[in-house]
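Asks: Let me give you the structure first, and then I'll get to my questions.
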Amino acid sequence: MKALPPGDTLIRATAWTLAMIASFLLQMIAVRELSANLGVFQIMFMRSCVSLAIVTPLIALHGRRLLHTSRIGTHFARNGVNFAAQSAWAYGVAMLPLAAVTALEFSTPLWVALLAALFLGERLSRHRLIAVVSGLVGVLIILRPGVEAVQLAALVVLGSALCFATSNVIAKALTRTEDTLTIVIWMQIMQFPIGFLACIWSWTDPLWSDAPWLLVIGCTGLTAHYSMAKAFSLADATVVMPIDFLRLPLAAMLAWAVYREPLNVFVFLGAALMFAGNFHSVWQERRARRD
């Protein structure tokens, strides 16, 4: 594991993390705007259309190498789960305050830890267990069951976090034999027909005013994950994670400025607890590998 990167490398890692944050925030706004006219499945399908159009030149230039895989069934399983995760997330963006959606997204690492222990045989160490417990308590603080009625959309977003975690665990297993770009290309190819079948029965003709937001969601769907990969290639998670946590206050401020959504202290408290537990786990693993 790399040590804290000096000078220019740290600046570049920070820049890529900020680009990732900007991509995710723009994607949320695009989904919120598109949901006024289009259904969730149609938004996901049209996002795949735009993203696939962007990566098609790569496929044309390096198609045989990028498309080569001996695990097509695993790719299909991952992308089915990933499509469900993205659709549930988009539903939550349309129905919940953006800060609440962002905070609940931070529960994904706790599900990854549990699923990796169950299906990949990774050890659930003491610090990982602390991260899991902190994550669960953080979720309870955000939802406050028994104090407030738990909204269906919040449970859907939690379901999306679980599905994203499942997708991430499968992707981690795929990286043992597959190139990262191959995984991304197959994601675009497979989610295109899945999205089409999901939305064909409730199709709504897009408006011309939807076009800019469709372009935004297609582009940011790629730039968010590319920026994330670049940031983690330059710096440890202990560097990237604290910067990524800026996504919550930025989402809250953006939602207040654009949609006049009120700020909720319990959302910040719950997300902070999830972040603290996960950061502690990542930091301990970094120390263990360095020793």
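Residues are named by chain letter and number: chains run A, B, ... in the order of the structure tokens, numbers start at 1 in each chain, and ligands are numbered from 1 in the order shown.
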Contacts of Arg65 of chain A at 10 Å or less, counting only C-alpha atoms, minus same-chain residues fewer than 6 places along, as a VMD selection string?
Replies: chain A and resid 59 179 182
Asks: Enumerate, in order of chain and increasing residue number, the residues of segment 85-143 of chain A with an atom no farther than 9 Å from segment 272-281 of chain A, each with its shortest atom pair and distance in Å to one decimal, counting only C-alpha atoms, as a tab-separated table.
Replies:
residue	atom	partner	partner_atom	distance
A:Ala103	CA	A:Ala272	CA	8.6
A:Phe106	CA	A:Met274	CA	6.7
A:Ser107	CA	A:Met274	CA	6.7
A:Pro109	CA	A:Asn278	CA	7.1
A:Leu110	CA	A:Asn278	CA	7.6
A:Arg126	CA	A:Ser281	CA	8.6
A:His127	CA	A:Ser281	CA	4.9
A:Arg128	CA	A:Ser281	CA	5.4
A:Leu129	CA	A:Ser281	CA	8.5
A:Ile130	CA	A:Gly277	CA	6.1
A:Ala131	CA	A:Gly277	CA	4.1
A:Val132	CA	A:Gly277	CA	7.4
A:Val133	CA	A:Gly277	CA	8.0
A:Ser134	CA	A:Gly277	CA	5.3
A:Gly135	CA	A:Met274	CA	4.3
A:Leu136	CA	A:Met274	CA	7.7
A:Val137	CA	A:Leu273	CA	7.7
A:Gly138	CA	A:Met274	CA	5.4
A:Val139	CA	A:Met274	CA	7.8
Asks: Give me a file of those residues, with N, CA and C atoms, as a PDB file, in the first residue's frame.
Replies:
ATOM      1  N   ALA A 103     -26.154  10.369   2.264  1.00  0.00           N
ATOM      2  CA  ALA A 103     -25.773   9.784   3.551  1.00  0.00           C
ATOM      3  C   ALA A 103     -26.001   8.279   3.569  1.00  0.00           C
ATOM      4  N   PHE A 106     -23.425   6.072   1.973  1.00  0.00           N
ATOM      5  CA  PHE A 106     -22.221   5.770   2.733  1.00  0.00           C
ATOM      6  C   PHE A 106     -22.340   4.463   3.511  1.00  0.00           C
ATOM      7  N   SER A 107     -23.508   3.816   3.477  1.00  0.00           N
ATOM      8  CA  SER A 107     -23.652   2.510   4.129  1.00  0.00           C
ATOM      9  C   SER A 107     -23.111   1.382   3.258  1.00  0.00           C
ATOM     10  N   PRO A 109     -20.071   0.541   2.208  1.00  0.00           N
ATOM     11  CA  PRO A 109     -18.910  -0.217   2.704  1.00  0.00           C
ATOM     12  C   PRO A 109     -19.248  -1.259   3.766  1.00  0.00           C
ATOM     13  N   LEU A 110     -20.258  -1.001   4.596  1.00  0.00           N
ATOM     14  CA  LEU A 110     -20.572  -1.992   5.629  1.00  0.00           C
ATOM     15  C   LEU A 110     -21.152  -3.254   4.996  1.00  0.00           C
ATOM     16  N   ARG A 126     -11.538  -7.270  13.746  1.00  0.00           N
ATOM     17  CA  ARG A 126     -12.123  -6.410  14.772  1.00  0.00           C
ATOM     18  C   ARG A 126     -12.438  -5.020  14.231  1.00  0.00           C
ATOM     19  N   HIS A 127     -11.502  -4.441  13.476  1.00  0.00           N
ATOM     20  CA  HIS A 127     -11.753  -3.085  12.978  1.00  0.00           C
ATOM     21  C   HIS A 127     -12.838  -3.065  11.895  1.00  0.00           C
ATOM     22  N   ARG A 128     -12.939  -4.154  11.128  1.00  0.00           N
ATOM     23  CA  ARG A 128     -14.034  -4.226  10.152  1.00  0.00           C
ATOM     24  C   ARG A 128     -15.373  -4.377  10.864  1.00  0.00           C
ATOM     25  N   LEU A 129     -15.369  -5.135  11.964  1.00  0.00           N
ATOM     26  CA  LEU A 129     -16.598  -5.287  12.739  1.00  0.00           C
ATOM     27  C   LEU A 129     -17.022  -3.950  13.339  1.00  0.00           C
ATOM     28  N   ILE A 130     -16.057  -3.154  13.786  1.00  0.00           N
ATOM     29  CA  ILE A 130     -16.361  -1.810  14.297  1.00  0.00           C
ATOM     30  C   ILE A 130     -17.000  -0.969  13.202  1.00  0.00           C
ATOM     31  N   ALA A 131     -16.470  -1.085  11.974  1.00  0.00           N
ATOM     32  CA  ALA A 131     -17.026  -0.333  10.846  1.00  0.00           C
ATOM     33  C   ALA A 131     -18.459  -0.762  10.557  1.00  0.00           C
ATOM     34  N   VAL A 132     -18.726  -2.068  10.634  1.00  0.00           N
ATOM     35  CA  VAL A 132     -20.076  -2.579  10.376  1.00  0.00           C
ATOM     36  C   VAL A 132     -21.062  -2.067  11.428  1.00  0.00           C
ATOM     37  N   VAL A 133     -20.662  -2.175  12.714  1.00  0.00           N
ATOM     38  CA  VAL A 133     -21.551  -1.718  13.791  1.00  0.00           C
ATOM     39  C   VAL A 133     -21.781  -0.210  13.687  1.00  0.00           C
ATOM     40  N   SER A 134     -20.721   0.555  13.429  1.00  0.00           N
ATOM     41  CA  SER A 134     -20.862   2.007  13.276  1.00  0.00           C
ATOM     42  C   SER A 134     -21.791   2.333  12.113  1.00  0.00           C
ATOM     43  N   GLY A 135     -21.666   1.576  11.034  1.00  0.00           N
ATOM     44  CA  GLY A 135     -22.529   1.805   9.880  1.00  0.00           C
ATOM     45  C   GLY A 135     -23.989   1.545  10.192  1.00  0.00           C
ATOM     46  N   LEU A 136     -24.251   0.453  10.883  1.00  0.00           N
ATOM     47  CA  LEU A 136     -25.637   0.123  11.231  1.00  0.00           C
ATOM     48  C   LEU A 136     -26.238   1.163  12.173  1.00  0.00           C
ATOM     49  N   VAL A 137     -25.450   1.604  13.154  1.00  0.00           N
ATOM     50  CA  VAL A 137     -25.941   2.636  14.072  1.00  0.00           C
ATOM     51  C   VAL A 137     -26.170   3.944  13.314  1.00  0.00           C
ATOM     52  N   GLY A 138     -25.269   4.262  12.394  1.00  0.00           N
ATOM     53  CA  GLY A 138     -25.432   5.466  11.588  1.00  0.00           C
ATOM     54  C   GLY A 138     -26.718   5.440  10.772  1.00  0.00           C
ATOM     55  N   VAL A 139     -27.024   4.288  10.198  1.00  0.00           N
ATOM     56  CA  VAL A 139     -28.271   4.138   9.440  1.00  0.00           C
ATOM     57  C   VAL A 139     -29.474   4.367  10.345  1.00  0.00           C
TER      58      VAL A 139
END
Asks: Do you have the atom CA of Ala53 of chain A-atom CA of Gly218 of chain A distance handy?
Replies: 9.1 Å
Asks: For Phe164 of chain A, which residue out of A:Thr74, A:Gln27, A:Thr108, A:Thr223 is the nearest one, using only C-alpha atoms?
Replies: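 Comparing A:Thr74, A:Gln27, A:Thr108, A:Thr223 against Phe164 of chain A, the winner is A:Thr108.
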